[in-house]
Amino acid sequence: MSATTLYDNHGRPINYLRLAVTDRCNLRCFYCMPEEGIKYLPKKDLLTFEEIERLVTLLASMGISKIRLTGGEPFVRTDLMQLIRRISVIEGIKDIHLTTNGILTRPHISELKSLGIASVNLSLDTLNKERFKLITRRDEFENAWETLQLLLKHEIPVKINTVVMEDKNIEDIASMVELTKHHPISIRFIEEMPFNGEGNHYAKLKWTHKEILDHIKLFYPTIQKVKDAENSTAYHYQIPGYAGYIGIIAAFTRSFCGTCNRIRITAQGVLKTCLYDDGVLNIKNLMREGKGNDDLRNELLRAFAHRPKDGFEAEEKRKTLNVMESMSTIGG
Ligand code: SAM
Ligand code: SF4
């Protein structure tokens with residue numbers, strides 16, 4: 001934890017930044033983007049590396065100690081490794097994490113290890129090549145799988161993110177759990193959220209935390225609840241005797257908001273203090289208008305002091321009602 005602690009208006013510490021370095025992606029996961037892709041931001045609208053470095057340095061001085069680079073696909077951003085090198089020497093940043101689909105990741109794994117990356121979240125919704133193609137609309141399963149093997153070989157802590165989807169990958173749930181038998185990985189089953197870039201929403205979700213857990217219990221009746229790390233958004237379980245863990249992330253039913261320690265900066269440089277808000281501060285514009293660090297700090301503190309108490313309140317307060325957001329712009 002940084003020497004300074006930042007709190008929101010509900011007394012929750014904020015120490016974790018999720019930063020989307022691009023909205024572009026080389027896959028087309030149907031829960032995230034339409035088949036034809038989303039309308040990408042012009043490159044000039046992305047934060048530059050210099051702007052990111054300035055912002056992260058400022059946030060680190062305010063209390064942010066953990067950062068996750070995400071997107072879009074972070075490795076689609078040219079010279080991502082240069083950015084990681086620059087962030088890795090910022091005072092106060094203790095842990096750098098990365099979320100990736102694993103397609104372009106392999107050539108960089110040994111450098112990630114030497115830079116001391118804290119963990120990599122690999123998105124993998126199925127262990128079946130054909131289902132992978134149906135879900136991501138790209139024939140890249142082997143690439144993602146080999147990335148997993150190489151991460152394990154380098155002993156980089158790995159979490160696998162699996163979005164649970166009716167008619168798409170329910171048959172994979174048990175085999176994904178089985179991966180935890182010999183590997184010290186955490187498989188995190190995520191409730192599907194309404195951020196698919198198409199604006200079609202659903203009021204109810206079939207595969208909720210409870211349904212996912214009940215399904216796992218059919219195959220693993222001895223599954224046990226284990227202690228969750230502080231501020232974890234996943235509820236953790238383990239099969240007795242297995243090396244790894246199972247996490248379930250109630251992203252749709254939103255039961256974890258009470259301990260949320262994270263903020264997001266979207267690909268276009270907009271601050272979100274909740275995943276479900278529609279952006280509360282355009283930091284990129286402030287920087288480009290020439291605002292100094294004191295002004296930026298004050299604006300950020302004002303935003304942290306008006307944080308919604310949970311994702312439901314954030315959704316109610318949205319100005320844009322017709323939500324067309326894609327998770328690749330928000331930074332999942
Ligand atoms: N491209 C990278 C990847 O897929 O790992 C990073 C960005 S992606 C938006 C981050 C995470 O968000 C992925 O694990 C993905 O499964 C998750 N995600 C995307 N859309 C989602 C949705 N509608 N519901 C739940 N999770 C979603
Ligand atoms: Fe790309 Fe990740 Fe979205 Fe899939 S989930 S389309 S890999 S940004």
# chains A, B, ... in the order shown; residues from 1 in each chain; ligands from 1
>>> residues_around(residues="A:Met176", least_positions_apart="6", cutoff="8 Å", atoms="only C-alpha atoms", output="list of chain:residue names")
A:Thr126, A:Leu127, A:Ile187
>>> write_last_selection(atoms="N, CA, C and O atoms", output="PDB file, in the first residue's frame")
ATOM      1  N   THR A 126     -13.239 -21.298 -23.165  1.00  0.00           N
ATOM      2  CA  THR A 126     -13.475 -22.701 -23.486  1.00  0.00           C
ATOM      3  C   THR A 126     -12.131 -23.392 -23.726  1.00  0.00           C
ATOM      4  O   THR A 126     -11.142 -22.735 -24.049  1.00  0.00           O
ATOM      5  N   LEU A 127     -12.123 -24.721 -23.601  1.00  0.00           N
ATOM      6  CA  LEU A 127     -10.913 -25.487 -23.933  1.00  0.00           C
ATOM      7  C   LEU A 127     -11.110 -26.194 -25.265  1.00  0.00           C
ATOM      8  O   LEU A 127     -10.330 -27.062 -25.633  1.00  0.00           O
ATOM      9  N   ILE A 187      -9.246 -20.125 -11.707  1.00  0.00           N
ATOM     10  CA  ILE A 187     -10.187 -20.004 -12.828  1.00  0.00           C
ATOM     11  C   ILE A 187     -11.336 -19.166 -12.331  1.00  0.00           C
ATOM     12  O   ILE A 187     -11.984 -19.520 -11.344  1.00  0.00           O
TER      13      ILE A 187
END
>>> select_by_dssp(residues="stretch 154-266 of chain A", states="helix (DSSP H, G or I)", output="list in words")
Ile170, Glu171, Asp172, Ile173, Ala174, Ser175, Met176, Val177, Glu178, His209, Lys210, Glu211, Ile212, Leu213, Asp214, His215, Ile216, Lys217, Leu218, Phe219, Cys257, Gly258 and Thr259 of chain A
>>> write_last_selection(atoms="N, CA, C and O atoms", output="mmCIF file, in the first residue's frame")
data_model
loop_
_atom_site.group_PDB
_atom_site.id
_atom_site.type_symbol
_atom_site.label_atom_id
_atom_site.label_comp_id
_atom_site.auth_asym_id
_atom_site.auth_seq_id
_atom_site.Cartn_x
_atom_site.Cartn_y
_atom_site.Cartn_z
ATOM 1 N N ILE A 170 -21.217 -23.880 -21.379
ATOM 2 C CA ILE A 170 -21.579 -24.525 -20.109
ATOM 3 C C ILE A 170 -20.866 -25.879 -19.997
ATOM 4 O O ILE A 170 -20.398 -26.263 -18.921
ATOM 5 N N GLU A 171 -20.729 -26.562 -21.134
ATOM 6 C CA GLU A 171 -20.056 -27.866 -21.108
ATOM 7 C C GLU A 171 -18.569 -27.769 -20.781
ATOM 8 O O GLU A 171 -17.923 -28.774 -20.531
ATOM 9 N N ASP A 172 -18.018 -26.545 -20.777
ATOM 10 C CA ASP A 172 -16.599 -26.372 -20.461
ATOM 11 C C ASP A 172 -16.340 -26.168 -18.968
ATOM 12 O O ASP A 172 -15.201 -26.248 -18.529
ATOM 13 N N ILE A 173 -17.401 -25.863 -18.225
ATOM 14 C CA ILE A 173 -17.166 -25.439 -16.833
ATOM 15 C C ILE A 173 -16.393 -26.506 -16.048
ATOM 16 O O ILE A 173 -15.368 -26.206 -15.424
ATOM 17 N N ALA A 174 -16.827 -27.754 -16.143
ATOM 18 C CA ALA A 174 -16.170 -28.807 -15.345
ATOM 19 C C ALA A 174 -14.721 -29.012 -15.794
ATOM 20 O O ALA A 174 -13.815 -29.158 -14.950
ATOM 21 N N SER A 175 -14.463 -28.972 -17.109
ATOM 22 C CA SER A 175 -13.065 -29.190 -17.533
ATOM 23 C C SER A 175 -12.174 -28.004 -17.184
ATOM 24 O O SER A 175 -10.975 -28.158 -16.946
ATOM 25 N N MET A 176 -12.763 -26.814 -17.109
ATOM 26 C CA MET A 176 -11.955 -25.661 -16.669
ATOM 27 C C MET A 176 -11.604 -25.847 -15.182
ATOM 28 O O MET A 176 -10.475 -25.579 -14.766
ATOM 29 N N VAL A 177 -12.574 -26.313 -14.388
ATOM 30 C CA VAL A 177 -12.304 -26.554 -12.966
ATOM 31 C C VAL A 177 -11.171 -27.584 -12.833
ATOM 32 O O VAL A 177 -10.262 -27.440 -12.004
ATOM 33 N N GLU A 178 -11.191 -28.591 -13.695
ATOM 34 C CA GLU A 178 -10.193 -29.664 -13.619
ATOM 35 C C GLU A 178 -8.770 -29.127 -13.855
ATOM 36 O O GLU A 178 -7.798 -29.713 -13.379
ATOM 37 N N HIS A 209 -24.006 -16.167 -10.144
ATOM 38 C CA HIS A 209 -23.075 -16.799 -9.209
ATOM 39 C C HIS A 209 -23.653 -18.116 -8.681
ATOM 40 O O HIS A 209 -23.010 -19.163 -8.709
ATOM 41 N N LYS A 210 -24.920 -18.056 -8.227
ATOM 42 C CA LYS A 210 -25.521 -19.236 -7.599
ATOM 43 C C LYS A 210 -25.657 -20.385 -8.599
ATOM 44 O O LYS A 210 -25.336 -21.541 -8.296
ATOM 45 N N GLU A 211 -26.128 -20.046 -9.812
ATOM 46 C CA GLU A 211 -26.305 -21.092 -10.834
ATOM 47 C C GLU A 211 -24.963 -21.725 -11.192
ATOM 48 O O GLU A 211 -24.858 -22.933 -11.406
ATOM 49 N N ILE A 212 -23.933 -20.886 -11.306
ATOM 50 C CA ILE A 212 -22.599 -21.393 -11.678
ATOM 51 C C ILE A 212 -22.100 -22.338 -10.586
ATOM 52 O O ILE A 212 -21.644 -23.460 -10.855
ATOM 53 N N LEU A 213 -22.256 -21.915 -9.334
ATOM 54 C CA LEU A 213 -21.795 -22.742 -8.224
ATOM 55 C C LEU A 213 -22.577 -24.063 -8.163
ATOM 56 O O LEU A 213 -21.986 -25.138 -8.002
ATOM 57 N N ASP A 214 -23.881 -23.976 -8.332
ATOM 58 C CA ASP A 214 -24.697 -25.205 -8.306
ATOM 59 C C ASP A 214 -24.268 -26.158 -9.412
ATOM 60 O O ASP A 214 -24.211 -27.380 -9.217
ATOM 61 N N HIS A 215 -23.933 -25.610 -10.566
ATOM 62 C CA HIS A 215 -23.495 -26.446 -11.679
ATOM 63 C C HIS A 215 -22.160 -27.137 -11.331
ATOM 64 O O HIS A 215 -21.994 -28.335 -11.553
ATOM 65 N N ILE A 216 -21.236 -26.385 -10.746
ATOM 66 C CA ILE A 216 -19.933 -26.985 -10.386
ATOM 67 C C ILE A 216 -20.148 -28.093 -9.349
ATOM 68 O O ILE A 216 -19.509 -29.157 -9.416
ATOM 69 N N LYS A 217 -21.101 -27.862 -8.436
ATOM 70 C CA LYS A 217 -21.346 -28.857 -7.364
ATOM 71 C C LYS A 217 -21.842 -30.186 -7.917
ATOM 72 O O LYS A 217 -21.654 -31.228 -7.301
ATOM 73 N N LEU A 218 -22.467 -30.150 -9.086
ATOM 74 C CA LEU A 218 -22.926 -31.412 -9.694
ATOM 75 C C LEU A 218 -21.736 -32.326 -9.992
ATOM 76 O O LEU A 218 -21.822 -33.541 -9.902
ATOM 77 N N PHE A 219 -20.604 -31.695 -10.370
ATOM 78 C CA PHE A 219 -19.402 -32.469 -10.721
ATOM 79 C C PHE A 219 -18.452 -32.604 -9.534
ATOM 80 O O PHE A 219 -17.699 -33.561 -9.435
ATOM 81 N N CYS A 257 -19.855 -4.627 -4.380
ATOM 82 C CA CYS A 257 -19.581 -3.184 -4.430
ATOM 83 C C CYS A 257 -19.111 -2.605 -3.091
ATOM 84 O O CYS A 257 -18.373 -1.619 -3.058
ATOM 85 N N GLY A 258 -19.532 -3.214 -1.998
ATOM 86 C CA GLY A 258 -19.227 -2.666 -0.668
ATOM 87 C C GLY A 258 -17.747 -2.578 -0.364
ATOM 88 O O GLY A 258 -17.330 -1.787 0.482
ATOM 89 N N THR A 259 -16.933 -3.387 -1.033
ATOM 90 C CA THR A 259 -15.490 -3.344 -0.757
ATOM 91 C C THR A 259 -14.699 -2.920 -1.997
ATOM 92 O O THR A 259 -13.502 -3.170 -2.085
#
>>> residues_around(residues="A:Pro13", least_positions_apart="6", cutoff="9 Å", atoms="only C-alpha atoms", output="CSV table (one decimal) with N, CA and C atoms, in the first residue's frame")
chain,number,residue,atom,x,y,z
A,5,THR,N,-3.2,7.1,1.8
A,5,THR,CA,-4.4,6.3,1.5
A,5,THR,C,-5.5,7.2,1.0
A,6,LEU,N,-6.1,6.8,-0.1
A,6,LEU,CA,-7.2,7.6,-0.7
A,6,LEU,C,-8.5,6.9,-0.3
A,7,TYR,N,-9.5,7.7,0.1
A,7,TYR,CA,-10.8,7.1,0.4
A,7,TYR,C,-11.9,7.8,-0.4
A,63,GLY,N,-2.2,7.7,-3.8
A,63,GLY,CA,-2.5,6.5,-3.1
A,63,GLY,C,-2.8,5.2,-3.9
A,259,THR,N,-16.9,-3.4,-1.0
A,259,THR,CA,-15.5,-3.3,-0.8
A,259,THR,C,-14.7,-2.9,-2.0
A,260,CYS,N,-15.4,-2.3,-2.9
A,260,CYS,CA,-14.7,-1.9,-4.2
A,260,CYS,C,-13.6,-0.9,-4.0
A,261,ASN,N,-12.4,-1.3,-4.4
A,261,ASN,CA,-11.2,-0.4,-4.2
A,261,ASN,C,-10.7,0.2,-5.5
A,262,ARG,N,-11.5,0.0,-6.6
A,262,ARG,CA,-10.9,0.3,-7.9
A,262,ARG,C,-11.5,1.5,-8.7
>>> closest_atom_pairs(of="chain A", to="ligand 2", cutoff="7 Å", atoms="only C-alpha atoms and all ligand atoms", output="tab-separated table")
residue	atom	partner	partner_atom_place_in_ligand_line	distance
A:Cys25	CA	ligand 2	1 (Fe)	4.6
A:Asn26	CA	ligand 2	1 (Fe)	6.2
A:Leu27	CA	ligand 2	1 (Fe)	4.7
A:Arg28	CA	ligand 2	6 (S)	4.1
A:Cys29	CA	ligand 2	6 (S)	4.1
A:Cys32	CA	ligand 2	3 (Fe)	4.6
A:Met33	CA	ligand 2	6 (S)	5.6
A:Gly71	CA	ligand 2	8 (S)	5.8
A:Gly72	CA	ligand 2	8 (S)	3.8
A:Glu73	CA	ligand 2	8 (S)	5.1
A:Thr100	CA	ligand 2	2 (Fe)	6.8
A:Asn101	CA	ligand 2	7 (S)	4.9
A:Thr136	CA	ligand 2	4 (Fe)	6.3
A:Met327	CA	ligand 2	3 (Fe)	6.1
A:Ser328	CA	ligand 2	8 (S)	4.3
>>> closest_atom_pairs(of="chain A", to="ligand 1", cutoff="9 Å", atoms="only C-alpha atoms and all ligand atoms", output="CSV")
residue,atom,partner,partner_atom_place_in_ligand_line,distance
A:Ala20,CA,ligand 1,7 (C),7.7
A:Asp23,CA,ligand 1,7 (C),8.5
A:Arg24,CA,ligand 1,1 (N),8.5
A:Cys25,CA,ligand 1,1 (N),6.4
A:Asn26,CA,ligand 1,1 (N),8.2
A:Leu27,CA,ligand 1,1 (N),7.7
A:Cys29,CA,ligand 1,20 (N),7.5
A:Phe30,CA,ligand 1,20 (N),8.2
A:Tyr31,CA,ligand 1,23 (N),4.5
A:Cys32,CA,ligand 1,20 (N),4.0
A:Met33,CA,ligand 1,20 (N),7.7
A:Leu69,CA,ligand 1,6 (C),8.1
A:Thr70,CA,ligand 1,6 (C),4.7
A:Gly71,CA,ligand 1,7 (C),4.3
A:Gly72,CA,ligand 1,1 (N),4.7
A:Glu73,CA,ligand 1,1 (N),3.7
A:Pro74,CA,ligand 1,6 (C),6.6
A:Phe75,CA,ligand 1,1 (N),8.5
A:Leu98,CA,ligand 1,6 (C),8.1
A:Thr99,CA,ligand 1,5 (O),4.6
A:Thr100,CA,ligand 1,5 (O),3.6
A:Asn101,CA,ligand 1,5 (O),4.2
A:Gly102,CA,ligand 1,5 (O),7.4
A:Asn121,CA,ligand 1,5 (O),6.6
A:Leu122,CA,ligand 1,5 (O),5.5
A:Ser123,CA,ligand 1,5 (O),4.4
A:Leu124,CA,ligand 1,16 (O),7.4
A:Asp125,CA,ligand 1,16 (O),7.5
A:Ile160,CA,ligand 1,14 (O),7.8
A:Asn161,CA,ligand 1,14 (O),4.8
A:Thr162,CA,ligand 1,16 (O),6.0
A:Val163,CA,ligand 1,16 (O),5.5
A:Val164,CA,ligand 1,25 (C),8.2
A:Ile190,CA,ligand 1,25 (C),5.8
A:Glu191,CA,ligand 1,25 (C),5.8
A:Glu192,CA,ligand 1,24 (N),3.7
A:Met193,CA,ligand 1,24 (N),3.6
A:Pro194,CA,ligand 1,23 (N),5.2
A:Phe195,CA,ligand 1,23 (N),4.4
A:Asn196,CA,ligand 1,23 (N),5.2
A:Gly197,CA,ligand 1,23 (N),8.6
A:Ala251,CA,ligand 1,25 (C),6.9
A:Phe252,CA,ligand 1,24 (N),7.9
A:Ser326,CA,ligand 1,20 (N),7.0
A:Met327,CA,ligand 1,9 (C),4.5
A:Ser328,CA,ligand 1,9 (C),4.2
A:Thr329,CA,ligand 1,9 (C),7.4
A:Ile330,CA,ligand 1,9 (C),7.2
A:Gly331,CA,ligand 1,9 (C),5.2
A:Gly332,CA,ligand 1,10 (C),3.7
>>> closest_residue(among="A:Ala267, A:Leu296, A:Ile135, A:Ala314", to="A:Lys43", atoms="only C-alpha atoms")
A:Ala267
>>> residues_around(residues="A:Tyr237", least_positions_apart="4", cutoff="7 Å", atoms="only C-alpha atoms", output="ChimeraX atom specification")
/A:223-226,245-247
>>> residues_around(residues="A:Val120", least_positions_apart="4", cutoff="12 Å", atoms="only C-alpha atoms", output="PyMOL selection string")
chain A and resi 67-70+74+95-102+105-106+108-109+112-113+116+147-148+150-152+154-161+185-186
>>> atom_distance(atom1="atom CA of A:Thr208", atom2="atom CA of A:Lys66")
28.3 Å
>>> atom_distance(atom1="atom CA of A:Asn282", atom2="atom CA of A:Ala60")
18.6 Å
>>> closest_residue(among="A:Ala243, A:Asp167, A:Leu83, A:His236", to="A:Leu134", atoms="only C-alpha atoms")
A:Asp167
>>> residues_around(residues="A:Asp79", least_positions_apart="5", cutoff="12 Å", atoms="only C-alpha atoms", output="list in words")
Val21, Thr22, Thr48, Phe49, Pro74, Ile84, Arg85, Arg86 and His108 of chain A
>>> atom_distance(atom1="atom CA of A:Leu301", atom2="atom CA of A:Glu315")
21.1 Å
>>> select_by_dssp(residues="stretch 9-194 of chain A", states="strand (DSSP E or B)", output="PyMOL selection string")
chain A and resi 13-14+16-20+66-70+95-100+119-123+158-164+186-191
>>> write_last_selection(atoms="C-alpha atoms", output="CSV table (one decimal), in the first residue's frame")
chain,number,residue,atom,x,y,z
A,13,PRO,CA,-10.0,2.9,0.2
A,14,ILE,CA,-9.1,3.4,-3.5
A,16,TYR,CA,-6.3,0.1,-7.7
A,17,LEU,CA,-6.4,1.6,-11.2
A,18,ARG,CA,-7.6,-0.3,-14.3
A,19,LEU,CA,-6.3,1.4,-17.4
A,20,ALA,CA,-7.5,0.6,-20.9
A,66,LYS,CA,-1.8,-1.4,-8.0
A,67,ILE,CA,-2.4,-1.0,-11.8
A,68,ARG,CA,-4.0,-3.3,-14.3
A,69,LEU,CA,-3.4,-2.7,-18.0
A,70,THR,CA,-6.3,-3.8,-20.1
A,95,ASP,CA,2.0,-4.2,-8.6
A,96,ILE,CA,1.4,-4.2,-12.3
A,97,HIS,CA,-1.1,-6.7,-13.6
A,98,LEU,CA,-2.2,-7.4,-17.2
A,99,THR,CA,-5.4,-8.7,-18.7
A,100,THR,CA,-4.9,-10.2,-22.2
A,119,SER,CA,0.0,-11.5,-12.4
A,120,VAL,CA,-1.6,-12.1,-15.8
A,121,ASN,CA,-5.3,-12.6,-16.4
A,122,LEU,CA,-5.8,-14.7,-19.5
A,123,SER,CA,-9.2,-14.7,-21.0
A,158,VAL,CA,-2.1,-16.8,-13.8
A,159,LYS,CA,-5.9,-16.2,-13.5
A,160,ILE,CA,-8.1,-17.4,-16.2
A,161,ASN,CA,-11.2,-15.3,-17.0
A,162,THR,CA,-14.1,-17.3,-18.3
A,163,VAL,CA,-17.4,-15.6,-19.1
A,164,VAL,CA,-20.2,-18.1,-18.5
A,186,SER,CA,-7.3,-19.4,-10.4
A,187,ILE,CA,-10.2,-20.0,-12.8
A,188,ARG,CA,-12.7,-17.2,-12.5
A,189,PHE,CA,-16.1,-17.7,-13.9
A,190,ILE,CA,-17.7,-14.3,-14.7
A,191,GLU,CA,-21.3,-13.4,-14.9
>>> closest_residue(among="A:Thr78, A:Thr266, A:Thr4, A:Gln238", to="A:Gly279", atoms="only C-alpha atoms")
A:Thr266
>>> decode(residues="stretch 203-223 of chain A", atoms="N, CA and C atoms", output="PDB file, in the first residue's frame")
ATOM      1  N   ALA A 203     -32.680  -8.020 -18.632  1.00  0.00           N
ATOM      2  CA  ALA A 203     -32.989  -7.648 -17.251  1.00  0.00           C
ATOM      3  C   ALA A 203     -32.577  -8.762 -16.303  1.00  0.00           C
ATOM      4  N   LYS A 204     -32.579 -10.003 -16.815  1.00  0.00           N
ATOM      5  CA  LYS A 204     -32.281 -11.146 -15.950  1.00  0.00           C
ATOM      6  C   LYS A 204     -31.142 -11.953 -16.554  1.00  0.00           C
ATOM      7  N   LEU A 205     -30.412 -12.597 -15.689  1.00  0.00           N
ATOM      8  CA  LEU A 205     -29.299 -13.404 -16.183  1.00  0.00           C
ATOM      9  C   LEU A 205     -29.492 -14.818 -15.685  1.00  0.00           C
ATOM     10  N   LYS A 206     -29.337 -15.807 -16.575  1.00  0.00           N
ATOM     11  CA  LYS A 206     -29.519 -17.183 -16.127  1.00  0.00           C
ATOM     12  C   LYS A 206     -28.310 -17.637 -15.303  1.00  0.00           C
ATOM     13  N   TRP A 207     -27.093 -17.402 -15.851  1.00  0.00           N
ATOM     14  CA  TRP A 207     -25.901 -17.949 -15.197  1.00  0.00           C
ATOM     15  C   TRP A 207     -25.350 -16.971 -14.169  1.00  0.00           C
ATOM     16  N   THR A 208     -26.061 -16.921 -13.040  1.00  0.00           N
ATOM     17  CA  THR A 208     -25.627 -16.073 -11.927  1.00  0.00           C
ATOM     18  C   THR A 208     -24.615 -16.864 -11.093  1.00  0.00           C
ATOM     19  N   HIS A 209     -24.006 -16.167 -10.144  1.00  0.00           N
ATOM     20  CA  HIS A 209     -23.075 -16.799  -9.209  1.00  0.00           C
ATOM     21  C   HIS A 209     -23.653 -18.116  -8.681  1.00  0.00           C
ATOM     22  N   LYS A 210     -24.920 -18.056  -8.227  1.00  0.00           N
ATOM     23  CA  LYS A 210     -25.521 -19.236  -7.599  1.00  0.00           C
ATOM     24  C   LYS A 210     -25.657 -20.385  -8.599  1.00  0.00           C
ATOM     25  N   GLU A 211     -26.128 -20.046  -9.812  1.00  0.00           N
ATOM     26  CA  GLU A 211     -26.305 -21.092 -10.834  1.00  0.00           C
ATOM     27  C   GLU A 211     -24.963 -21.725 -11.192  1.00  0.00           C
ATOM     28  N   ILE A 212     -23.933 -20.886 -11.306  1.00  0.00           N
ATOM     29  CA  ILE A 212     -22.599 -21.393 -11.678  1.00  0.00           C
ATOM     30  C   ILE A 212     -22.100 -22.338 -10.586  1.00  0.00           C
ATOM     31  N   LEU A 213     -22.256 -21.915  -9.334  1.00  0.00           N
ATOM     32  CA  LEU A 213     -21.795 -22.742  -8.224  1.00  0.00           C
ATOM     33  C   LEU A 213     -22.577 -24.063  -8.163  1.00  0.00           C
ATOM     34  N   ASP A 214     -23.881 -23.976  -8.332  1.00  0.00           N
ATOM     35  CA  ASP A 214     -24.697 -25.205  -8.306  1.00  0.00           C
ATOM     36  C   ASP A 214     -24.268 -26.158  -9.412  1.00  0.00           C
ATOM     37  N   HIS A 215     -23.933 -25.610 -10.566  1.00  0.00           N
ATOM     38  CA  HIS A 215     -23.495 -26.446 -11.679  1.00  0.00           C
ATOM     39  C   HIS A 215     -22.160 -27.137 -11.331  1.00  0.00           C
ATOM     40  N   ILE A 216     -21.236 -26.385 -10.746  1.00  0.00           N
ATOM     41  CA  ILE A 216     -19.933 -26.985 -10.386  1.00  0.00           C
ATOM     42  C   ILE A 216     -20.148 -28.093  -9.349  1.00  0.00           C
ATOM     43  N   LYS A 217     -21.101 -27.862  -8.436  1.00  0.00           N
ATOM     44  CA  LYS A 217     -21.346 -28.857  -7.364  1.00  0.00           C
ATOM     45  C   LYS A 217     -21.842 -30.186  -7.917  1.00  0.00           C
ATOM     46  N   LEU A 218     -22.467 -30.150  -9.086  1.00  0.00           N
ATOM     47  CA  LEU A 218     -22.926 -31.412  -9.694  1.00  0.00           C
ATOM     48  C   LEU A 218     -21.736 -32.326  -9.992  1.00  0.00           C
ATOM     49  N   PHE A 219     -20.604 -31.695 -10.370  1.00  0.00           N
ATOM     50  CA  PHE A 219     -19.402 -32.469 -10.721  1.00  0.00           C
ATOM     51  C   PHE A 219     -18.452 -32.604  -9.534  1.00  0.00           C
ATOM     52  N   TYR A 220     -18.460 -31.596  -8.665  1.00  0.00           N
ATOM     53  CA  TYR A 220     -17.520 -31.557  -7.539  1.00  0.00           C
ATOM     54  C   TYR A 220     -18.298 -31.267  -6.251  1.00  0.00           C
ATOM     55  N   PRO A 221     -19.013 -32.271  -5.722  1.00  0.00           N
ATOM     56  CA  PRO A 221     -19.834 -32.004  -4.531  1.00  0.00           C
ATOM     57  C   PRO A 221     -19.009 -31.609  -3.306  1.00  0.00           C
ATOM     58  N   THR A 222     -17.687 -31.891  -3.325  1.00  0.00           N
ATOM     59  CA  THR A 222     -16.875 -31.560  -2.133  1.00  0.00           C
ATOM     60  C   THR A 222     -16.302 -30.142  -2.192  1.00  0.00           C
ATOM     61  N   ILE A 223     -16.651 -29.388  -3.204  1.00  0.00           N
ATOM     62  CA  ILE A 223     -16.096 -28.023  -3.342  1.00  0.00           C
ATOM     63  C   ILE A 223     -16.288 -27.232  -2.047  1.00  0.00           C
TER      64      ILE A 223
END
